[in-house]
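> So I've got this file, my_file_20.cif, and it contains mmCIF, C-alpha atoms and all ligand atoms:
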```
data_model
#
loop_
_atom_site.label_atom_id
_atom_site.label_comp_id
_atom_site.auth_asym_id
_atom_site.auth_seq_id
_atom_site.Cartn_x
_atom_site.Cartn_y
_atom_site.Cartn_z
CA MET A 1 25.11 81.51 149.65
CA SER A 2 26.05 83.73 152.57
CA ASP A 3 24.84 87.28 152.03
CA SER A 4 27.93 88.86 153.46
CA PHE A 5 30.37 86.79 151.42
CA PRO A 6 28.73 84.91 148.55
CA PHE A 7 30.42 81.77 147.24
CA GLU A 8 28.80 80.19 144.24
CA ILE A 9 29.62 76.57 143.38
CA GLN A 10 29.47 76.07 139.60
CA ALA A 11 30.54 72.45 139.22
CA GLU A 12 31.56 69.49 141.36
CA CYS A 13 33.73 66.56 140.30
CA ARG A 14 31.82 63.28 140.21
CA VAL A 15 34.75 61.28 141.63
CA THR A 16 36.98 63.55 143.71
CA ARG A 17 36.06 66.36 146.12
CA ALA A 18 37.09 69.02 143.56
CA ARG A 19 34.72 71.85 142.74
CA ALA A 20 34.80 75.06 140.69
CA GLY A 21 33.17 78.23 141.94
CA LEU A 22 33.04 82.00 142.16
CA LEU A 23 33.94 84.08 145.18
CA HIS A 24 32.16 87.43 145.17
CA THR A 25 34.46 89.88 146.93
CA ALA A 26 34.11 93.64 147.30
CA HIS A 27 36.99 93.92 144.82
CA GLY A 28 35.75 91.65 142.09
CA ILE A 29 34.90 88.05 141.35
CA VAL A 30 37.51 85.38 141.98
CA GLU A 31 37.27 82.15 140.01
CA THR A 32 38.07 79.09 142.10
CA PRO A 33 40.05 76.91 142.57
CA VAL A 34 42.48 79.81 142.82
CA PHE A 35 46.15 80.24 143.54
CA MET A 36 46.98 83.51 145.30
CA PRO A 37 50.45 84.96 144.68
CA VAL A 38 52.12 86.17 147.87
CA GLY A 39 52.86 89.86 148.31
CA THR A 40 54.46 89.74 151.74
CA GLN A 41 55.36 93.43 151.97
CA ALA A 42 52.39 94.61 149.89
CA THR A 43 54.28 93.69 146.73
CA VAL A 44 54.84 90.45 144.86
CA LYS A 45 58.62 90.76 144.67
CA GLY A 46 59.68 91.70 141.15
CA LEU A 47 56.20 92.29 139.69
CA ALA A 48 54.30 95.56 139.36
CA PRO A 49 50.55 95.43 140.05
CA ARG A 50 50.08 96.42 136.41
CA GLU A 51 51.63 93.10 135.32
CA LEU A 52 49.72 91.12 137.92
CA ALA A 53 46.35 92.55 136.92
CA GLY A 54 47.22 92.78 133.21
CA ASP A 55 48.90 89.84 131.47
CA LEU A 56 48.66 87.53 134.49
CA ASP A 57 45.05 88.48 135.30
CA VAL A 58 45.54 87.74 139.00
CA ARG A 59 42.24 88.28 140.84
CA ILE A 60 43.43 87.98 144.41
CA LEU A 61 46.73 88.55 146.22
CA LEU A 62 47.90 87.64 149.68
CA ALA A 63 49.66 90.11 151.99
CA ASN A 64 51.23 89.41 155.38
CA THR A 65 49.78 90.99 158.48
CA TYR A 66 52.88 90.42 160.63
CA HIS A 67 55.21 92.23 158.23
CA LEU A 68 52.84 95.08 157.40
CA TYR A 69 51.86 95.51 161.04
CA LEU A 70 55.50 96.06 161.99
CA ARG A 71 56.31 98.16 158.93
CA PRO A 72 54.81 100.51 157.82
CA GLY A 73 52.05 99.79 160.36
CA PRO A 74 48.24 99.63 160.16
CA ASP A 75 47.75 103.31 161.07
CA LEU A 76 49.84 104.50 158.16
CA ILE A 77 48.16 102.10 155.74
CA ARG A 78 44.73 103.20 156.94
CA ALA A 79 45.75 106.86 156.51
CA MET A 80 46.92 106.07 152.97
CA GLY A 81 43.47 104.77 152.09
CA GLY A 82 44.06 101.07 152.84
CA LEU A 83 46.22 98.49 151.12
CA HIS A 84 44.36 98.58 147.82
CA ARG A 85 45.10 102.26 147.31
CA PHE A 86 48.52 102.13 149.00
CA MET A 87 49.83 99.48 146.59
CA SER A 88 47.55 100.46 143.69
CA TRP A 89 45.87 97.08 143.53
CA PRO A 90 42.17 97.31 142.61
CA ARG A 91 41.40 93.59 143.01
CA ALA A 92 40.89 91.37 146.04
CA ILE A 93 43.36 91.04 148.92
CA LEU A 94 43.56 88.32 151.55
CA THR A 95 45.69 88.91 154.62
CA ASP A 96 46.92 86.23 156.99
CA SER A 97 46.62 86.70 160.73
CA GLY A 98 50.30 87.06 161.49
CA GLY A 99 50.16 83.94 163.65
CA PHE A 100 52.44 81.89 161.42
CA GLN A 101 55.17 84.57 161.37
CA VAL A 102 54.94 85.29 165.10
CA PHE A 103 55.57 81.62 165.74
CA SER A 104 58.30 81.19 163.15
CA LEU A 105 60.08 84.55 162.75
CA SER A 106 59.94 86.58 165.92
CA GLY A 107 62.32 86.14 168.81
CA LEU A 108 61.09 85.73 172.37
CA ARG A 109 57.37 85.26 172.66
CA LYS A 110 54.93 84.58 175.42
CA ILE A 111 51.59 82.98 174.74
CA THR A 112 48.61 83.62 176.99
CA ALA A 113 44.91 82.91 176.65
CA GLU A 114 44.46 86.54 175.53
CA GLY A 115 47.06 86.50 172.79
CA VAL A 116 50.78 86.47 172.10
CA VAL A 117 53.49 88.90 173.18
CA PHE A 118 56.44 88.90 170.80
CA GLN A 119 59.53 90.81 169.74
CA SER A 120 59.83 92.33 166.30
CA HIS A 121 62.46 90.59 164.15
CA LEU A 122 63.31 94.07 162.82
CA ASN A 123 64.34 95.90 165.98
CA GLY A 124 63.41 93.79 169.00
CA ASP A 125 60.46 96.01 170.04
CA THR A 126 57.75 94.26 172.04
CA HIS A 127 54.26 93.90 170.52
CA THR A 128 51.08 92.05 171.39
CA PHE A 129 48.75 90.29 169.00
CA THR A 130 45.28 89.47 170.26
CA PRO A 131 42.39 88.01 168.26
CA GLU A 132 40.79 91.48 168.31
CA SER A 133 43.94 93.46 167.46
CA THR A 134 44.76 91.33 164.43
CA VAL A 135 41.20 91.70 163.10
CA GLU A 136 41.51 95.46 163.64
CA ALA A 137 44.88 95.61 161.84
CA GLN A 138 43.47 93.69 158.88
CA LEU A 139 40.45 96.02 158.78
CA ALA A 140 42.88 98.96 158.73
CA PHE A 141 44.53 97.32 155.72
CA GLY A 142 41.08 97.04 154.13
CA SER A 143 41.51 93.31 153.40
CA ASP A 144 38.71 91.53 151.62
CA ILE A 145 39.42 88.29 153.45
CA LEU A 146 40.84 88.35 156.97
CA MET A 147 42.26 85.43 158.94
CA VAL A 148 41.86 84.82 162.65
CA LEU A 149 44.89 84.75 164.94
CA ASP A 150 46.02 81.14 165.31
CA GLU A 151 48.84 79.24 166.91
CA CYS A 152 50.86 77.29 164.40
CA PRO A 153 53.07 74.85 166.33
CA GLU A 154 56.37 73.70 164.87
CA TYR A 155 56.73 70.19 163.47
CA PRO A 156 57.08 67.69 165.01
CA VAL A 157 55.29 68.50 168.24
CA SER A 158 53.79 66.32 171.00
CA HIS A 159 50.11 65.44 170.89
CA GLU A 160 49.72 67.18 174.24
CA TYR A 161 51.19 70.46 173.00
CA ALA A 162 49.34 70.25 169.69
CA ARG A 163 46.08 69.90 171.65
CA THR A 164 46.83 72.92 173.83
CA ALA A 165 47.69 75.01 170.76
CA MET A 166 44.58 73.81 168.92
CA GLN A 167 42.30 74.65 171.85
CA ARG A 168 43.88 78.07 172.11
CA THR A 169 43.33 78.58 168.37
CA VAL A 170 39.63 77.69 168.75
CA GLY A 171 39.28 80.09 171.69
CA TRP A 172 40.94 82.88 169.71
CA ALA A 173 38.71 82.11 166.71
CA ARG A 174 35.58 82.55 168.87
CA THR A 175 36.86 85.87 170.22
CA ALA A 176 37.94 87.10 166.79
CA HIS A 177 34.66 86.02 165.21
CA ALA A 178 32.52 87.83 167.82
CA TYR A 179 34.65 90.96 167.51
CA PHE A 180 34.56 90.82 163.71
CA GLU A 181 30.77 90.41 163.56
CA GLN A 182 30.35 93.51 165.70
CA ARG A 183 32.86 95.53 163.63
CA ARG A 184 31.38 94.28 160.35
CA ALA A 185 27.96 95.61 161.31
CA GLU A 186 29.47 99.10 161.78
CA LEU A 187 31.48 99.22 158.55
CA PRO A 188 30.23 100.33 155.12
CA THR A 189 32.84 98.10 153.43
CA ARG A 190 32.49 94.34 152.88
CA HIS A 191 34.88 91.83 154.46
CA ALA A 192 35.06 88.13 155.31
CA LEU A 193 36.81 86.37 158.18
CA PHE A 194 38.12 82.79 158.01
CA PRO A 195 39.07 80.77 161.09
CA ILE A 196 41.99 78.33 160.74
CA VAL A 197 41.90 74.60 161.41
CA GLN A 198 45.02 73.56 163.35
CA GLY A 199 45.99 70.35 165.17
CA SER A 200 49.49 69.65 163.81
CA MET A 201 49.66 66.21 162.15
CA PHE A 202 47.11 64.56 164.45
CA ALA A 203 43.90 63.54 162.72
CA ASP A 204 41.86 63.50 165.95
CA LEU A 205 42.89 67.08 166.76
CA ARG A 206 42.20 68.27 163.21
CA ARG A 207 38.71 66.78 163.45
CA GLU A 208 38.05 68.25 166.88
CA CYS A 209 39.24 71.68 165.70
CA ALA A 210 37.21 71.64 162.48
CA ALA A 211 34.06 70.51 164.32
CA GLN A 212 34.31 73.40 166.79
CA LEU A 213 35.10 76.03 164.16
CA VAL A 214 32.16 74.97 162.01
CA GLU A 215 29.87 76.09 164.84
CA LEU A 216 30.94 79.68 164.11
CA GLN A 217 29.25 79.51 160.68
CA ALA A 218 32.14 81.48 159.26
CA ASP A 219 32.41 82.94 155.75
CA GLY A 220 35.04 80.34 154.86
CA TYR A 221 37.60 78.06 156.47
CA ALA A 222 41.36 77.83 156.27
CA ILE A 223 43.48 74.78 156.96
CA GLY A 224 46.78 75.93 158.47
CA GLY A 225 49.89 74.44 159.99
CA LEU A 226 50.91 72.83 156.70
CA SER A 227 54.29 73.06 154.94
CA VAL A 228 56.11 73.19 158.28
CA GLY A 229 58.52 70.39 157.38
CA GLU A 230 56.16 67.42 157.44
CA PRO A 231 56.22 64.76 154.70
CA ARG A 232 53.88 65.71 151.84
CA PRO A 233 51.53 62.72 152.17
CA LEU A 234 50.85 63.85 155.73
CA SER A 235 49.87 67.39 154.64
CA LEU A 236 47.40 65.92 152.17
CA GLU A 237 46.01 63.56 154.80
CA MET A 238 45.45 66.44 157.24
CA VAL A 239 43.59 68.43 154.58
CA GLU A 240 41.44 65.41 153.79
CA THR A 241 40.64 64.92 157.48
CA ALA A 242 39.65 68.54 158.09
CA GLU A 243 37.82 68.97 154.79
CA ALA A 244 35.43 66.13 155.54
CA LEU A 245 33.96 68.21 158.39
CA LEU A 246 33.85 71.61 156.70
CA PRO A 247 30.59 72.86 155.16
CA ARG A 248 30.45 72.20 151.41
CA ALA A 249 28.85 75.59 150.78
CA ARG A 250 31.78 77.61 152.10
CA PRO A 251 35.22 78.16 150.51
CA ARG A 252 38.20 76.23 151.90
CA TYR A 253 41.71 77.60 151.86
CA ALA A 254 44.84 75.45 152.31
CA MET A 255 47.51 77.83 153.61
CA GLY A 256 51.09 77.84 152.31
CA VAL A 257 50.83 75.11 149.66
CA GLY A 258 52.27 73.86 147.39
CA LEU A 259 54.52 72.64 144.57
CA PRO A 260 53.06 72.74 141.02
CA GLU A 261 52.38 68.99 141.01
CA GLU A 262 50.64 69.25 144.39
CA LEU A 263 48.06 71.86 143.36
CA PRO A 264 45.75 69.33 141.63
CA GLU A 265 46.04 67.03 144.67
CA TYR A 266 44.78 69.68 147.07
CA VAL A 267 41.97 70.58 144.71
CA ALA A 268 41.02 66.89 144.52
CA ARG A 269 40.64 67.05 148.29
CA GLY A 270 38.12 69.89 148.19
CA VAL A 271 40.45 72.89 148.43
CA ASP A 272 39.31 76.10 146.70
CA MET A 273 42.13 78.48 147.57
CA MET A 274 45.90 78.15 147.99
CA ASP A 275 48.89 80.44 148.39
CA CYS A 276 52.60 79.85 148.41
CA VAL A 277 55.85 81.82 148.15
CA LEU A 278 57.36 79.05 145.99
CA PRO A 279 56.71 80.46 142.50
CA SER A 280 58.24 83.84 143.35
CA ARG A 281 60.95 82.70 145.77
CA ASN A 282 62.09 79.80 143.60
CA ALA A 283 62.11 82.05 140.54
CA ARG A 284 64.65 84.31 142.24
CA ASN A 285 66.73 81.25 143.21
CA GLY A 286 66.90 80.04 139.61
CA CYS A 287 64.28 77.31 139.89
CA LEU A 288 61.74 77.68 137.10
CA PHE A 289 58.58 75.62 136.74
CA THR A 290 57.61 74.69 133.19
CA SER A 291 54.95 72.54 131.57
CA GLN A 292 57.71 69.96 130.95
CA GLY A 293 59.23 69.99 134.44
CA THR A 294 61.57 72.10 136.53
CA VAL A 295 64.42 74.05 134.90
CA ARG A 296 67.44 75.00 137.04
CA ILE A 297 68.54 77.92 134.94
CA LYS A 298 72.13 78.14 136.22
CA GLN A 299 72.99 74.74 134.74
CA ALA A 300 75.64 74.87 132.01
CA ARG A 301 73.41 73.06 129.53
CA TYR A 302 71.32 76.22 129.14
CA ARG A 303 74.35 78.37 128.25
CA GLU A 304 73.70 78.33 124.52
CA ASP A 305 70.07 77.23 124.62
CA VAL A 306 68.12 79.38 122.18
CA ARG A 307 64.76 77.85 123.10
CA PRO A 308 62.19 79.69 125.17
CA LEU A 309 62.03 78.68 128.83
CA ASP A 310 58.68 76.95 128.25
CA PRO A 311 57.62 76.63 124.60
CA ARG A 312 53.98 76.18 125.65
CA CYS A 313 53.86 79.27 127.87
CA LYS A 314 52.52 82.54 126.48
CA CYS A 315 54.06 84.87 129.08
CA TYR A 316 56.32 87.77 128.07
CA THR A 317 59.41 85.90 129.32
CA CYS A 318 58.73 82.83 127.21
CA THR A 319 57.58 84.80 124.17
CA CYS A 320 60.59 87.09 123.95
CA PHE A 321 63.66 85.56 125.60
CA SER A 322 65.89 82.48 125.35
CA ARG A 323 67.02 80.22 128.14
CA ALA A 324 70.57 81.37 127.35
CA TYR A 325 69.60 85.01 128.02
CA LEU A 326 67.78 84.15 131.26
CA ARG A 327 70.80 82.14 132.41
CA HIS A 328 73.08 85.07 131.57
CA LEU A 329 70.89 87.50 133.58
CA PHE A 330 70.84 85.05 136.50
CA GLN A 331 74.63 84.58 136.46
CA ALA A 332 75.14 88.35 136.25
CA GLY A 333 72.78 88.96 139.18
CA GLU A 334 70.63 91.31 137.12
CA ILE A 335 67.34 92.70 138.51
CA LEU A 336 65.61 91.91 135.22
CA TYR A 337 66.24 88.22 135.82
CA ALA A 338 64.07 88.28 138.97
CA ALA A 339 61.30 90.15 137.17
CA LEU A 340 61.21 87.84 134.13
CA ALA A 341 61.59 84.66 136.17
CA THR A 342 58.86 85.61 138.65
CA LEU A 343 56.53 86.61 135.85
CA HIS A 344 56.92 83.18 134.29
CA ASN A 345 56.65 81.14 137.49
CA VAL A 346 53.50 82.95 138.61
CA LYS A 347 52.07 82.49 135.11
CA ARG A 348 52.85 78.77 135.30
CA TYR A 349 50.91 78.45 138.57
CA LEU A 350 47.98 80.39 137.16
CA ASP A 351 47.99 78.27 134.00
CA ILE A 352 47.84 75.12 136.13
CA MET A 353 44.88 76.57 138.04
CA ARG A 354 43.13 77.45 134.79
CA GLU A 355 43.65 73.88 133.51
CA ILE A 356 42.30 72.52 136.79
CA ARG A 357 39.25 74.78 136.69
CA HIS A 358 38.56 73.96 133.07
CA ALA A 359 38.83 70.21 133.80
CA ILE A 360 36.34 70.48 136.68
CA LEU A 361 33.87 72.58 134.68
CA SER A 362 34.02 70.21 131.70
CA GLY A 363 33.58 67.11 133.86
CA GLY A 364 37.05 65.72 133.11
CA TYR A 365 38.85 66.20 136.40
CA PRO A 366 39.54 62.51 137.20
CA GLU A 367 41.19 62.10 133.77
CA TYR A 368 43.15 65.34 134.23
CA LEU A 369 44.40 64.11 137.58
CA GLN A 370 45.58 60.84 136.01
CA THR A 371 47.53 62.74 133.37
CA VAL A 372 49.28 65.12 135.76
CA ARG A 373 50.13 62.31 138.19
CA SER A 374 52.14 60.57 135.50
CA ALA A 375 53.90 63.73 134.23
CA PRO A 376 57.65 64.21 134.92
CA VAL A 377 58.56 66.69 137.69
CA GLU A 378 62.18 67.37 136.69
CA ILE A 379 63.52 67.94 133.19
CA GLU A 380 65.91 65.08 132.39
ZN ZN B 1 56.43 81.70 130.59
#
```
Translate the structure of the given file into structure tokens.
Ligand SMILES: [Zn+2]

Amino acid sequence: MSDSFPFEIQAECRVTRARAGLLHTAHGIVETPVFMPVGTQATVKGLAPRELAGDLDVRILLANTYHLYLRPGPDLIRAMGGLHRFMSWPRAILTDSGGFQVFSLSGLRKITAEGVVFQSHLNGDTHTFTPESTVEAQLAFGSDILMVLDECPEYPVSHEYARTAMQRTVGWARTAHAYFEQRRAELPTRHALFPIVQGSMFADLRRECAAQLVELQADGYAIGGLSVGEPRPLSLEMVETAEALLPRARPRYAMGVGLPEELPEYVARGVDMMDCVLPSRNARNGCLFTSQGTVRIKQARYREDVRPLDPRCKCYTCTCFSRAYLRHLFQAGEILYAALATLHNVKRYLDIMREIRHAILSGGYPEYLQTVRSAPVEIE
């Protein structure tokens, strides 16, 4: 175990690459494999931290550096005592590097070896992200786990461009890592920094990138550039390729994945951490994940449906309300709909992760995987 960021492996699957473990952060222990709900603007839309920490028992949240850097800004968040105090969240926080948003959201941008110059999507102001400045912003937030600045190319992209972007990402990771190690030695607080394996959908580039990042002996490793429009089998293949080169003793984080039925697949490929906007975003759009498949709540067949959304779910939404009521709230555009729907969808993801973890710890993961692979995805 690394002294600065201990990761304890409790059990490993005898057939797949799955493992269960404990991440020891400065803001509590996180049981892995873990799904991290996304709080883009320092809030998981529709859920108060009280609900997240209470009924849902979320141990770690993700917040977005790009958005919080632009508004309200790292200086203000630092002055307010860091993100934990600012948003009243006592448990762990992981922040991304902002790279993904700079490359997907912002307008004009110019990439150099030093970093990326971009325009805010809010007001067009020009900003620069460097490997050092994004580490500094994340330290101002007080993140438990920081990500290095990376270049996430769009999909599809040429092998030539993917290589250039990957090499730049490795260079930035070296700079960020050196800067972080120096800053970490000065700080009384405890933080970890993960570099990000890129390489688009090219196995050779993923391997080359992973091999170079491993030399940094980082606290953990992320696999990025997924969920950018590629076919799902390709995302899984890229994770498999990168994972084979990453140190077994360190946590691995697959960024921006996935659908409920994909979570066990990533775990089977050695992934310990995942995040995705799907449970919260889809909830607001009327797409609800249940243990029996997906419910599209606006459908007329739920109009007079007295049953709970998911009879097997123990969340407040499923314990107290009918599908008919949820459909009514959705049709009426009520705020409560978003709150109840998000609560359930996040709970569903966390329940899946708990099942996964339990299966690994009890030695039954291959059987669990078989069962979930044959389960229906949509409610008929
Ligand atoms: Zn529920």
> Tell me which of A:Pro279, A:Pro308, A:Pro376, A:Gly363 sits closest to ligand ZN 1 (chain B), counting all atoms listed in the file.
A:Pro308
> Point out the residue among A:Ser280, A:Ser104, A:Asn345, A:Ser133 with the least atom-to-atom distance to His121 (chain A), counting all atoms listed in the file.
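The answer is A:Ser104, which sits nearest to His121 (chain A).
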> What are the closest atom pairs, with distances in Å to one decimal, for all residues of chain A lying within 8 Å of ligand ZN 1 (chain B)? Consider all atoms listed in the file, order rows by chain and residue number, and present the result as a Markdown table.

```
| residue | atom | partner | partner_atom | distance |
| --- | --- | --- | --- | --- |
| A:Thr290 | CA | B:ZN1 | ZN | 7.6 |
| A:Leu309 | CA | B:ZN1 | ZN | 6.6 |
| A:Asp310 | CA | B:ZN1 | ZN | 5.8 |
| A:Pro311 | CA | B:ZN1 | ZN | 7.9 |
| A:Arg312 | CA | B:ZN1 | ZN | 7.8 |
| A:Cys313 | CA | B:ZN1 | ZN | 4.5 |
| A:Lys314 | CA | B:ZN1 | ZN | 5.7 |
| A:Cys315 | CA | B:ZN1 | ZN | 4.2 |
| A:Tyr316 | CA | B:ZN1 | ZN | 6.6 |
| A:Thr317 | CA | B:ZN1 | ZN | 5.3 |
| A:Cys318 | CA | B:ZN1 | ZN | 4.2 |
| A:Thr319 | CA | B:ZN1 | ZN | 7.2 |
| A:Leu343 | CA | B:ZN1 | ZN | 7.2 |
| A:His344 | CA | B:ZN1 | ZN | 4.0 |
| A:Asn345 | CA | B:ZN1 | ZN | 6.9 |
| A:Lys347 | CA | B:ZN1 | ZN | 6.3 |
| A:Arg348 | CA | B:ZN1 | ZN | 6.6 |
```
> Okay, now the selection with C-alpha atoms, as a PDB file, in the coordinates of the input?

```
ATOM      1  CA  THR A 290      57.610  74.690 133.190  1.00  0.00           C
ATOM      2  CA  LEU A 309      62.030  78.680 128.830  1.00  0.00           C
ATOM      3  CA  ASP A 310      58.680  76.950 128.250  1.00  0.00           C
ATOM      4  CA  PRO A 311      57.620  76.630 124.600  1.00  0.00           C
ATOM      5  CA  ARG A 312      53.980  76.180 125.650  1.00  0.00           C
ATOM      6  CA  CYS A 313      53.860  79.270 127.870  1.00  0.00           C
ATOM      7  CA  LYS A 314      52.520  82.540 126.480  1.00  0.00           C
ATOM      8  CA  CYS A 315      54.060  84.870 129.080  1.00  0.00           C
ATOM      9  CA  TYR A 316      56.320  87.770 128.070  1.00  0.00           C
ATOM     10  CA  THR A 317      59.410  85.900 129.320  1.00  0.00           C
ATOM     11  CA  CYS A 318      58.730  82.830 127.210  1.00  0.00           C
ATOM     12  CA  THR A 319      57.580  84.800 124.170  1.00  0.00           C
ATOM     13  CA  LEU A 343      56.530  86.610 135.850  1.00  0.00           C
ATOM     14  CA  HIS A 344      56.920  83.180 134.290  1.00  0.00           C
ATOM     15  CA  ASN A 345      56.650  81.140 137.490  1.00  0.00           C
ATOM     16  CA  LYS A 347      52.070  82.490 135.110  1.00  0.00           C
ATOM     17  CA  ARG A 348      52.850  78.770 135.300  1.00  0.00           C
TER      18      ARG A 348
END
```
> With all atoms listed in the file as the basis for distance, which of A:Leu245, A:Leu70, A:Glu160, A:Val30 is at the shortest distance from Gly124 (chain A)?
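Checking each candidate against Gly124 (chain A), we get A:Leu70 as the closest.
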> Leaving out Ile196 (chain A) and any residue of its chain fewer than 4 positions from it, which residues lie within 6 Å of it when counting all atoms listed in the file, given as a list of chain:residue names?
A:Ala222, A:Ile223, A:Gly224
> Store the residues picked out above, limited to C-alpha atoms, as an mmCIF file, in the coordinates of the input.

```
data_model
loop_
_atom_site.group_PDB
_atom_site.id
_atom_site.type_symbol
_atom_site.label_atom_id
_atom_site.label_comp_id
_atom_site.auth_asym_id
_atom_site.auth_seq_id
_atom_site.Cartn_x
_atom_site.Cartn_y
_atom_site.Cartn_z
ATOM 1 C CA ALA A 222 41.360 77.830 156.270
ATOM 2 C CA ILE A 223 43.480 74.780 156.960
ATOM 3 C CA GLY A 224 46.780 75.930 158.470
#
```
> Report as a VMD selection string all protein, DNA and RNA residues lying within 12 Å of Glu208 (chain A), evaluated on all atoms listed in the file, omitting residues in the same chain fewer than 2 positions from it.
chain A and resid 162 to 163 166 to 167 169 to 170 197 to 200 202 to 206 210 to 215 241 to 242 244 to 246
> Write out as a VMD selection string the residues lying within 6 Å of region 327-339 of chain A, counting only C-alpha atoms and excluding same-chain residues fewer than 5 positions away.
chain A and resid 46 284 297 to 298
> Looking at A:Pro195, A:Arg14, A:Met201, A:Ala79, which one is nearest to Pro231 (chain A), with distances taken over all atoms listed in the file?
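Once distances to Pro231 (chain A) are computed over all atoms listed in the file, the minimum belongs to A:Met201.
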> So, with all atoms listed in the file as the atoms that count, which of A:Val295, A:Ala173, A:Leu52, A:Leu326 lies closest to Trp89 (chain A)?
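Answer, going by the shortest atom-to-atom distance: A:Leu52.
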> Skipping near chain neighbours, those fewer than 3 positions away, what residues fall within 6 Å of Pro131 (chain A) using all atoms listed in the file, listed as a PyMOL selection string?
chain A and resi 134+149+172+176
> What separation in Å, quoted to one decimal, exists between CA of Gln182 (chain A) and CA of Ile60 (chain A)?
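Distance between the two atoms: 25.6 Å.
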> What does the distance from CA of Gln370 (chain A) to CA of Arg354 (chain A) come to in Å, to one decimal?
16.8 Å
> Could you work out how far CA of Arg250 (chain A) lies from CA of Val102 (chain A), giving the answer in Å with one decimal?
27.6 Å
> Counting only C-alpha atoms, which of A:Val306, A:Cys209, A:Ala268, A:Val377 gets nearest to Gln292 (chain A)?
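The closest residue to Gln292 (chain A) is A:Val377.
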> Find the spatial neighbours of Val44 (chain A), counting all atoms listed in the file, within a cut-off of 10 Å - ignore same-chain residues fewer than 5 positions away - and output them as a PyMOL selection string.
chain A and resi 37-39+49+52+61-63+277+280-281+342-343+346
> For region 148-161 of chain A, which lacks atoms in the input, supply N, CA and C atoms and format the output as a PDB file, keeping the file's coordinate frame.

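What landed in part21.pdb:
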```pdb
ATOM      1  N   VAL A 148      41.821  84.682 161.192  1.00  0.00           N
ATOM      2  CA  VAL A 148      41.860  84.820 162.650  1.00  0.00           C
ATOM      3  C   VAL A 148      43.254  84.486 163.161  1.00  0.00           C
ATOM      4  N   LEU A 149      43.607  85.065 164.291  1.00  0.00           N
ATOM      5  CA  LEU A 149      44.890  84.750 164.940  1.00  0.00           C
ATOM      6  C   LEU A 149      44.867  83.267 165.316  1.00  0.00           C
ATOM      7  N   ASP A 150      45.939  82.566 164.977  1.00  0.00           N
ATOM      8  CA  ASP A 150      46.020  81.140 165.310  1.00  0.00           C
ATOM      9  C   ASP A 150      47.400  80.819 165.835  1.00  0.00           C
ATOM     10  N   GLU A 151      47.517  79.706 166.497  1.00  0.00           N
ATOM     11  CA  GLU A 151      48.840  79.240 166.910  1.00  0.00           C
ATOM     12  C   GLU A 151      49.240  78.095 166.003  1.00  0.00           C
ATOM     13  N   CYS A 152      50.347  78.300 165.325  1.00  0.00           N
ATOM     14  CA  CYS A 152      50.860  77.290 164.400  1.00  0.00           C
ATOM     15  C   CYS A 152      52.072  76.643 165.046  1.00  0.00           C
ATOM     16  N   PRO A 153      51.919  75.463 165.658  1.00  0.00           N
ATOM     17  CA  PRO A 153      53.070  74.850 166.330  1.00  0.00           C
ATOM     18  C   PRO A 153      54.086  74.333 165.318  1.00  0.00           C
ATOM     19  N   GLU A 154      55.357  74.230 165.785  1.00  0.00           N
ATOM     20  CA  GLU A 154      56.370  73.700 164.870  1.00  0.00           C
ATOM     21  C   GLU A 154      56.140  72.206 164.693  1.00  0.00           C
ATOM     22  N   TYR A 155      56.863  71.631 163.724  1.00  0.00           N
ATOM     23  CA  TYR A 155      56.730  70.190 163.470  1.00  0.00           C
ATOM     24  C   TYR A 155      58.087  69.532 163.646  1.00  0.00           C
ATOM     25  N   PRO A 156      58.176  68.379 164.319  1.00  0.00           N
ATOM     26  CA  PRO A 156      57.080  67.690 165.010  1.00  0.00           C
ATOM     27  C   PRO A 156      56.836  68.268 166.397  1.00  0.00           C
ATOM     28  N   VAL A 157      55.662  68.001 166.929  1.00  0.00           N
ATOM     29  CA  VAL A 157      55.290  68.500 168.240  1.00  0.00           C
ATOM     30  C   VAL A 157      54.515  67.377 168.943  1.00  0.00           C
ATOM     31  N   SER A 158      54.513  67.377 170.276  1.00  0.00           N
ATOM     32  CA  SER A 158      53.790  66.320 171.000  1.00  0.00           C
ATOM     33  C   SER A 158      52.286  66.486 170.820  1.00  0.00           C
ATOM     34  N   HIS A 159      51.562  65.397 170.975  1.00  0.00           N
ATOM     35  CA  HIS A 159      50.110  65.440 170.890  1.00  0.00           C
ATOM     36  C   HIS A 159      49.554  66.391 171.946  1.00  0.00           C
ATOM     37  N   GLU A 160      50.168  66.343 173.120  1.00  0.00           N
ATOM     38  CA  GLU A 160      49.720  67.180 174.240  1.00  0.00           C
ATOM     39  C   GLU A 160      49.839  68.673 173.880  1.00  0.00           C
ATOM     40  N   TYR A 161      51.018  69.057 173.338  1.00  0.00           N
ATOM     41  CA  TYR A 161      51.190  70.460 173.000  1.00  0.00           C
ATOM     42  C   TYR A 161      50.275  70.857 171.832  1.00  0.00           C
TER      43      TYR A 161
END
```
